[in-house]
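Quick notes on the structure that follows.
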Amino acid sequence: MQHVGSTSIPGMKAKPIIDIDVGLDNLADFETVKRALAQIGYEHEGDRGITGREAFCRNGKVHNEILDGIDHHLYVCSVDNEEYKRHILFRDYLRSHDEARDRYNQIKDEILAKVGPENRAGYVQMKEEEYRDFFEDVISKAQYVV
């Protein structure tokens, strides 16, 4: 299990939502993990458009003070999944390269100034379309650091 996303990077501006990637060594274990997550109150939501990365959310059927009290996104995928690898590479690079972290903070501010703090869809779209080169550059550099 890996804590990824902005909250996993010290000094990174982030909304108070924790992103968690559960990496499976053997994708054949997915159904077992899915059943175990259901037992503790998670519902499978499919891949949400990212092949090989399965999303889960709290379903309200099983209450847990900690899990219900922390906003989080939970994903399950193979450790061989490209999105999983990108999350880890990006996180680790920003953790060890302050200038890249600072640039990402600047990008977040630029996007929020353009789309507003409540426009989540606009934020994601602008990040993916107008700042894609930044993310690809970080991933590229991170692959050489490993």
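Ordering of the structure tokens sets the chain letters (A, B, ...); residue numbers start at 1 within each chain; ligands are numbered from 1 in the order shown.
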
Near A:Val76, within 10 Å and counting only C-alpha atoms, which residues show up once chain neighbours fewer than 6 positions away are dropped, as an MDAnalysis selection string? chainID A and resid 1 20:24 27 30 33:34 44 47 52:56 84

Could you please take those selected residues and save N, CA, C and O atoms as a PDB file, in the first residue's frame?
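Now in selection_10.pdb:
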ATOM      1  N   MET A   1       0.856  -1.168   0.000  1.00  0.00           N
ATOM      2  CA  MET A   1       0.000   0.000   0.000  1.00  0.00           C
ATOM      3  C   MET A   1       0.900   1.228   0.000  1.00  0.00           C
ATOM      4  O   MET A   1       1.852   1.311   0.751  1.00  0.00           O
ATOM      5  N   ILE A  20      -4.577   6.668  -1.947  1.00  0.00           N
ATOM      6  CA  ILE A  20      -3.916   5.423  -1.567  1.00  0.00           C
ATOM      7  C   ILE A  20      -3.971   4.460  -2.745  1.00  0.00           C
ATOM      8  O   ILE A  20      -5.045   4.197  -3.283  1.00  0.00           O
ATOM      9  N   ASP A  21      -2.818   3.955  -3.127  1.00  0.00           N
ATOM     10  CA  ASP A  21      -2.735   2.914  -4.156  1.00  0.00           C
ATOM     11  C   ASP A  21      -2.335   1.611  -3.478  1.00  0.00           C
ATOM     12  O   ASP A  21      -1.305   1.546  -2.810  1.00  0.00           O
ATOM     13  N   VAL A  22      -3.153   0.599  -3.661  1.00  0.00           N
ATOM     14  CA  VAL A  22      -2.826  -0.741  -3.182  1.00  0.00           C
ATOM     15  C   VAL A  22      -2.284  -1.497  -4.382  1.00  0.00           C
ATOM     16  O   VAL A  22      -3.006  -1.733  -5.350  1.00  0.00           O
ATOM     17  N   GLY A  23      -1.000  -1.832  -4.329  1.00  0.00           N
ATOM     18  CA  GLY A  23      -0.359  -2.526  -5.436  1.00  0.00           C
ATOM     19  C   GLY A  23      -0.326  -4.025  -5.190  1.00  0.00           C
ATOM     20  O   GLY A  23       0.147  -4.472  -4.146  1.00  0.00           O
ATOM     21  N   LEU A  24      -0.850  -4.765  -6.141  1.00  0.00           N
ATOM     22  CA  LEU A  24      -0.867  -6.221  -6.026  1.00  0.00           C
ATOM     23  C   LEU A  24       0.269  -6.821  -6.836  1.00  0.00           C
ATOM     24  O   LEU A  24       0.440  -6.490  -8.012  1.00  0.00           O
ATOM     25  N   LEU A  27      -2.134  -9.968  -9.906  1.00  0.00           N
ATOM     26  CA  LEU A  27      -3.467  -9.445 -10.191  1.00  0.00           C
ATOM     27  C   LEU A  27      -4.563 -10.489  -9.977  1.00  0.00           C
ATOM     28  O   LEU A  27      -5.727 -10.144  -9.772  1.00  0.00           O
ATOM     29  N   PHE A  30      -6.956  -9.988  -7.067  1.00  0.00           N
ATOM     30  CA  PHE A  30      -7.888  -8.863  -7.034  1.00  0.00           C
ATOM     31  C   PHE A  30      -9.237  -9.234  -6.416  1.00  0.00           C
ATOM     32  O   PHE A  30      -9.757  -8.494  -5.573  1.00  0.00           O
ATOM     33  N   VAL A  33      -9.031  -9.424  -2.687  1.00  0.00           N
ATOM     34  CA  VAL A  33      -8.897  -8.075  -2.114  1.00  0.00           C
ATOM     35  C   VAL A  33     -10.229  -7.339  -2.190  1.00  0.00           C
ATOM     36  O   VAL A  33     -10.637  -6.683  -1.224  1.00  0.00           O
ATOM     37  N   LYS A  34     -10.914  -7.461  -3.304  1.00  0.00           N
ATOM     38  CA  LYS A  34     -12.213  -6.807  -3.479  1.00  0.00           C
ATOM     39  C   LYS A  34     -13.203  -7.281  -2.409  1.00  0.00           C
ATOM     40  O   LYS A  34     -13.911  -6.466  -1.801  1.00  0.00           O
ATOM     41  N   HIS A  44     -16.716  -1.344  -4.875  1.00  0.00           N
ATOM     42  CA  HIS A  44     -15.931  -1.266  -6.100  1.00  0.00           C
ATOM     43  C   HIS A  44     -16.650  -0.362  -7.093  1.00  0.00           C
ATOM     44  O   HIS A  44     -17.833  -0.534  -7.346  1.00  0.00           O
ATOM     45  N   ASP A  47     -12.992   1.054 -13.036  1.00  0.00           N
ATOM     46  CA  ASP A  47     -11.682   1.684 -13.259  1.00  0.00           C
ATOM     47  C   ASP A  47     -11.753   3.196 -13.477  1.00  0.00           C
ATOM     48  O   ASP A  47     -10.721   3.848 -13.611  1.00  0.00           O
ATOM     49  N   GLY A  52      -6.966  -0.884 -15.608  1.00  0.00           N
ATOM     50  CA  GLY A  52      -6.055  -1.579 -14.701  1.00  0.00           C
ATOM     51  C   GLY A  52      -5.945  -0.973 -13.323  1.00  0.00           C
ATOM     52  O   GLY A  52      -5.252  -1.496 -12.465  1.00  0.00           O
ATOM     53  N   ARG A  53      -6.617   0.151 -13.077  1.00  0.00           N
ATOM     54  CA  ARG A  53      -6.627   0.776 -11.754  1.00  0.00           C
ATOM     55  C   ARG A  53      -8.067   0.823 -11.282  1.00  0.00           C
ATOM     56  O   ARG A  53      -8.875   1.565 -11.810  1.00  0.00           O
ATOM     57  N   GLU A  54      -8.381  -0.001 -10.300  1.00  0.00           N
ATOM     58  CA  GLU A  54      -9.749  -0.144  -9.816  1.00  0.00           C
ATOM     59  C   GLU A  54     -10.001   0.760  -8.608  1.00  0.00           C
ATOM     60  O   GLU A  54      -9.230   0.758  -7.650  1.00  0.00           O
ATOM     61  N   ALA A  55     -11.077   1.537  -8.676  1.00  0.00           N
ATOM     62  CA  ALA A  55     -11.407   2.500  -7.625  1.00  0.00           C
ATOM     63  C   ALA A  55     -12.400   1.904  -6.632  1.00  0.00           C
ATOM     64  O   ALA A  55     -13.274   1.113  -6.992  1.00  0.00           O
ATOM     65  N   PHE A  56     -12.260   2.313  -5.385  1.00  0.00           N
ATOM     66  CA  PHE A  56     -13.156   1.900  -4.310  1.00  0.00           C
ATOM     67  C   PHE A  56     -13.548   3.127  -3.498  1.00  0.00           C
ATOM     68  O   PHE A  56     -12.779   4.069  -3.350  1.00  0.00           O
ATOM     69  N   TYR A  84       0.213   3.138 -11.714  1.00  0.00           N
ATOM     70  CA  TYR A  84       0.801   2.899 -10.398  1.00  0.00           C
ATOM     71  C   TYR A  84       2.275   3.315 -10.403  1.00  0.00           C
ATOM     72  O   TYR A  84       2.730   4.049  -9.523  1.00  0.00           O
TER      73      TYR A  84
END

DSSP alpha helix (DSSP H) residues within stretch 28-100 of chain A, as a PyMOL selection string: chain A and resi 30-39+65-69+82-96+98-100

What's the 8 Å shell around A:Ile9, counting only C-alpha atoms, without same-chain residues fewer than 6 positions away, as an MDAnalysis selection string? chainID A and resid 91 94:95

So which residues touch A:Gly69 within 12 Å, counting only C-alpha atoms, skipping near sequence neighbours fewer than 4 positions away, as a PyMOL selection string? chain A and resi 16-18+58+60+63-65

For the residues in that selection, give me C-alpha atoms as a PDB file, in the first residue's frame.
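Below is the file selection-v3.pdb, written as the result:
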ATOM      1  CA  PRO A  16      -7.248  17.305   2.499  1.00  0.00           C
ATOM      2  CA  ILE A  17      -7.850  14.053   0.627  1.00  0.00           C
ATOM      3  CA  ILE A  18      -5.434  11.146   0.873  1.00  0.00           C
ATOM      4  CA  ARG A  58     -16.775   3.961   1.339  1.00  0.00           C
ATOM      5  CA  GLY A  60     -21.754   3.548   4.413  1.00  0.00           C
ATOM      6  CA  HIS A  63     -18.849   2.061   9.940  1.00  0.00           C
ATOM      7  CA  ASN A  64     -15.300   2.671  11.037  1.00  0.00           C
ATOM      8  CA  GLU A  65     -14.368   5.822  12.905  1.00  0.00           C
TER       9      GLU A  65
END

To one decimal place in Å, what is the distance between atom CA of A:Lys141 and atom CA of A:Val115? 28.9 Å

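Shortest atom-to-atom contact with A:Arg86 among A:Thr51, A:Gln106, A:Gln143, A:Asn59: A:Gln143, counting only C-alpha atoms.
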
Mind giving me the straight-line distance from atom CA of A:Tyr75 to atom CA of A:His97 in Å, one decimal? 25.8 Å

note - atom CA of A:Pro117 and atom CA of A:Ser8 are separated by 20.6 Å

Residues at most 10 Å from A:Leu112, counting only C-alpha atoms, excluding those fewer than 5 positions away in the same chain, as a PyMOL selection string? chain A and resi 106-107+117-120+122-123+126

Let's see if you can do this: from backbone DSSP, list all strand (DSSP E) residues in chain A, as a PyMOL selection string. chain A and resi 2-4+18-24+42-46+53-58+72-78

Keeping only N, CA, C and O atoms, write those residues as a compact mmCIF listing (two decimals), in the first residue's frame.
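What ended up in out-v2.txt:
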# COMPACT_ATOMS: atom_id res chain seq x y z
N GLN A 2 0.57 2.17 -0.88
CA GLN A 2 1.37 3.38 -1.03
C GLN A 2 0.50 4.62 -0.86
O GLN A 2 -0.57 4.71 -1.45
N HIS A 3 0.99 5.56 -0.07
CA HIS A 3 0.36 6.87 0.04
C HIS A 3 0.93 7.69 -1.11
O HIS A 3 2.13 7.92 -1.18
N VAL A 4 0.08 8.08 -2.04
CA VAL A 4 0.51 8.84 -3.22
C VAL A 4 -0.28 10.14 -3.28
O VAL A 4 -1.08 10.43 -2.41
N ILE A 18 -6.58 12.04 1.01
CA ILE A 18 -5.43 11.15 0.87
C ILE A 18 -5.69 10.18 -0.27
O ILE A 18 -6.77 9.59 -0.37
N ASP A 19 -4.71 10.03 -1.15
CA ASP A 19 -4.78 9.06 -2.24
C ASP A 19 -3.95 7.84 -1.86
O ASP A 19 -2.78 7.97 -1.50
N ILE A 20 -4.58 6.67 -1.95
CA ILE A 20 -3.92 5.42 -1.57
C ILE A 20 -3.97 4.46 -2.75
O ILE A 20 -5.05 4.20 -3.28
N ASP A 21 -2.82 3.95 -3.13
CA ASP A 21 -2.73 2.91 -4.16
C ASP A 21 -2.33 1.61 -3.48
O ASP A 21 -1.30 1.55 -2.81
N VAL A 22 -3.15 0.60 -3.66
CA VAL A 22 -2.83 -0.74 -3.18
C VAL A 22 -2.28 -1.50 -4.38
O VAL A 22 -3.01 -1.73 -5.35
N GLY A 23 -1.00 -1.83 -4.33
CA GLY A 23 -0.36 -2.53 -5.44
C GLY A 23 -0.33 -4.02 -5.19
O GLY A 23 0.15 -4.47 -4.15
N LEU A 24 -0.85 -4.76 -6.14
CA LEU A 24 -0.87 -6.22 -6.03
C LEU A 24 0.27 -6.82 -6.84
O LEU A 24 0.44 -6.49 -8.01
N TYR A 42 -16.10 -1.01 1.75
CA TYR A 42 -15.75 -0.38 0.48
C TYR A 42 -16.55 -0.99 -0.66
O TYR A 42 -16.80 -2.18 -0.68
N GLU A 43 -16.91 -0.14 -1.60
CA GLU A 43 -17.63 -0.58 -2.79
C GLU A 43 -16.75 -0.36 -4.01
O GLU A 43 -16.14 0.71 -4.16
N HIS A 44 -16.72 -1.34 -4.88
CA HIS A 44 -15.93 -1.27 -6.10
C HIS A 44 -16.65 -0.36 -7.09
O HIS A 44 -17.83 -0.53 -7.35
N GLU A 45 -15.94 0.60 -7.66
CA GLU A 45 -16.54 1.54 -8.61
C GLU A 45 -16.03 1.36 -10.04
O GLU A 45 -16.30 2.20 -10.89
N GLY A 46 -15.28 0.31 -10.30
CA GLY A 46 -14.71 0.12 -11.63
C GLY A 46 -13.42 0.90 -11.79
O GLY A 46 -12.84 1.38 -10.82
N ARG A 53 -6.62 0.15 -13.08
CA ARG A 53 -6.63 0.78 -11.75
C ARG A 53 -8.07 0.82 -11.28
O ARG A 53 -8.87 1.56 -11.81
N GLU A 54 -8.38 0.00 -10.30
CA GLU A 54 -9.75 -0.14 -9.82
C GLU A 54 -10.00 0.76 -8.61
O GLU A 54 -9.23 0.76 -7.65
N ALA A 55 -11.08 1.54 -8.68
CA ALA A 55 -11.41 2.50 -7.63
C ALA A 55 -12.40 1.90 -6.63
O ALA A 55 -13.27 1.11 -6.99
N PHE A 56 -12.26 2.31 -5.38
CA PHE A 56 -13.16 1.90 -4.31
C PHE A 56 -13.55 3.13 -3.50
O PHE A 56 -12.78 4.07 -3.35
N CYS A 57 -14.79 3.10 -2.97
CA CYS A 57 -15.24 4.18 -2.10
C CYS A 57 -15.95 3.59 -0.89
O CYS A 57 -16.41 2.46 -0.91
N ARG A 58 -16.04 4.37 0.15
CA ARG A 58 -16.78 3.96 1.34
C ARG A 58 -18.25 3.86 0.97
O ARG A 58 -18.79 4.74 0.32
N HIS A 72 -10.56 10.13 1.62
CA HIS A 72 -9.52 9.43 0.89
C HIS A 72 -10.06 8.79 -0.38
O HIS A 72 -11.26 8.57 -0.51
N HIS A 73 -9.15 8.55 -1.30
CA HIS A 73 -9.42 7.79 -2.52
C HIS A 73 -8.60 6.51 -2.42
O HIS A 73 -7.41 6.56 -2.10
N LEU A 74 -9.21 5.39 -2.73
CA LEU A 74 -8.54 4.10 -2.63
C LEU A 74 -8.58 3.41 -3.99
O LEU A 74 -9.65 3.26 -4.59
N TYR A 75 -7.41 3.02 -4.46
CA TYR A 75 -7.29 2.35 -5.75
C TYR A 75 -6.51 1.05 -5.57
O TYR A 75 -5.58 0.98 -4.76
N VAL A 76 -6.88 0.04 -6.35
CA VAL A 76 -6.18 -1.24 -6.33
C VAL A 76 -5.73 -1.53 -7.76
O VAL A 76 -6.53 -1.40 -8.70
N CYS A 77 -4.47 -1.89 -7.90
CA CYS A 77 -3.94 -2.22 -9.23
C CYS A 77 -2.70 -3.09 -9.08
O CYS A 77 -2.18 -3.26 -7.98
N SER A 78 -2.25 -3.60 -10.19
CA SER A 78 -1.03 -4.38 -10.20
C SER A 78 0.17 -3.44 -10.03
O SER A 78 0.15 -2.30 -10.52

Residues at most 12 Å from A:Gly11, counting only C-alpha atoms, excluding those fewer than 6 positions away in the same chain, as a compact mmCIF listing (two decimals) with N, CA and C atoms, in the first residue's frame?
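Result went into around06.txt, see below:
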# COMPACT_ATOMS: atom_id res chain seq x y z
N LEU A 94 9.31 14.27 -6.58
CA LEU A 94 8.98 15.54 -5.93
C LEU A 94 9.41 15.56 -4.46
N ARG A 95 9.43 14.42 -3.82
CA ARG A 95 9.90 14.37 -2.43
C ARG A 95 11.38 14.72 -2.34
N SER A 96 12.14 14.43 -3.37
CA SER A 96 13.59 14.64 -3.30
C SER A 96 14.09 15.79 -4.18
N HIS A 97 13.19 16.48 -4.86
CA HIS A 97 13.58 17.60 -5.73
C HIS A 97 12.68 18.80 -5.44
N ASP A 98 13.16 19.65 -4.54
CA ASP A 98 12.37 20.80 -4.11
C ASP A 98 11.94 21.70 -5.26
N GLU A 99 12.82 21.87 -6.25
CA GLU A 99 12.48 22.77 -7.36
C GLU A 99 11.29 22.23 -8.16
N ALA A 100 11.21 20.94 -8.33
CA ALA A 100 10.07 20.34 -9.03
C ALA A 100 8.81 20.46 -8.19
N ARG A 101 8.93 20.23 -6.89
CA ARG A 101 7.78 20.39 -5.99
C ARG A 101 7.28 21.83 -6.02
N ASP A 102 8.22 22.78 -5.95
CA ASP A 102 7.83 24.19 -5.96
C ASP A 102 7.16 24.58 -7.28
N ARG A 103 7.65 24.04 -8.38
CA ARG A 103 7.03 24.32 -9.68
C ARG A 103 5.62 23.75 -9.72
N TYR A 104 5.42 22.56 -9.18
CA TYR A 104 4.08 21.97 -9.15
C TYR A 104 3.15 22.83 -8.28
N ASN A 105 3.63 23.33 -7.17
CA ASN A 105 2.82 24.24 -6.34
C ASN A 105 2.43 25.48 -7.15

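Nearest to A:Val62 of all the residues A:Asn26, A:Gln39, A:Asn81, A:Ser140 is A:Gln39, based on only C-alpha atoms.
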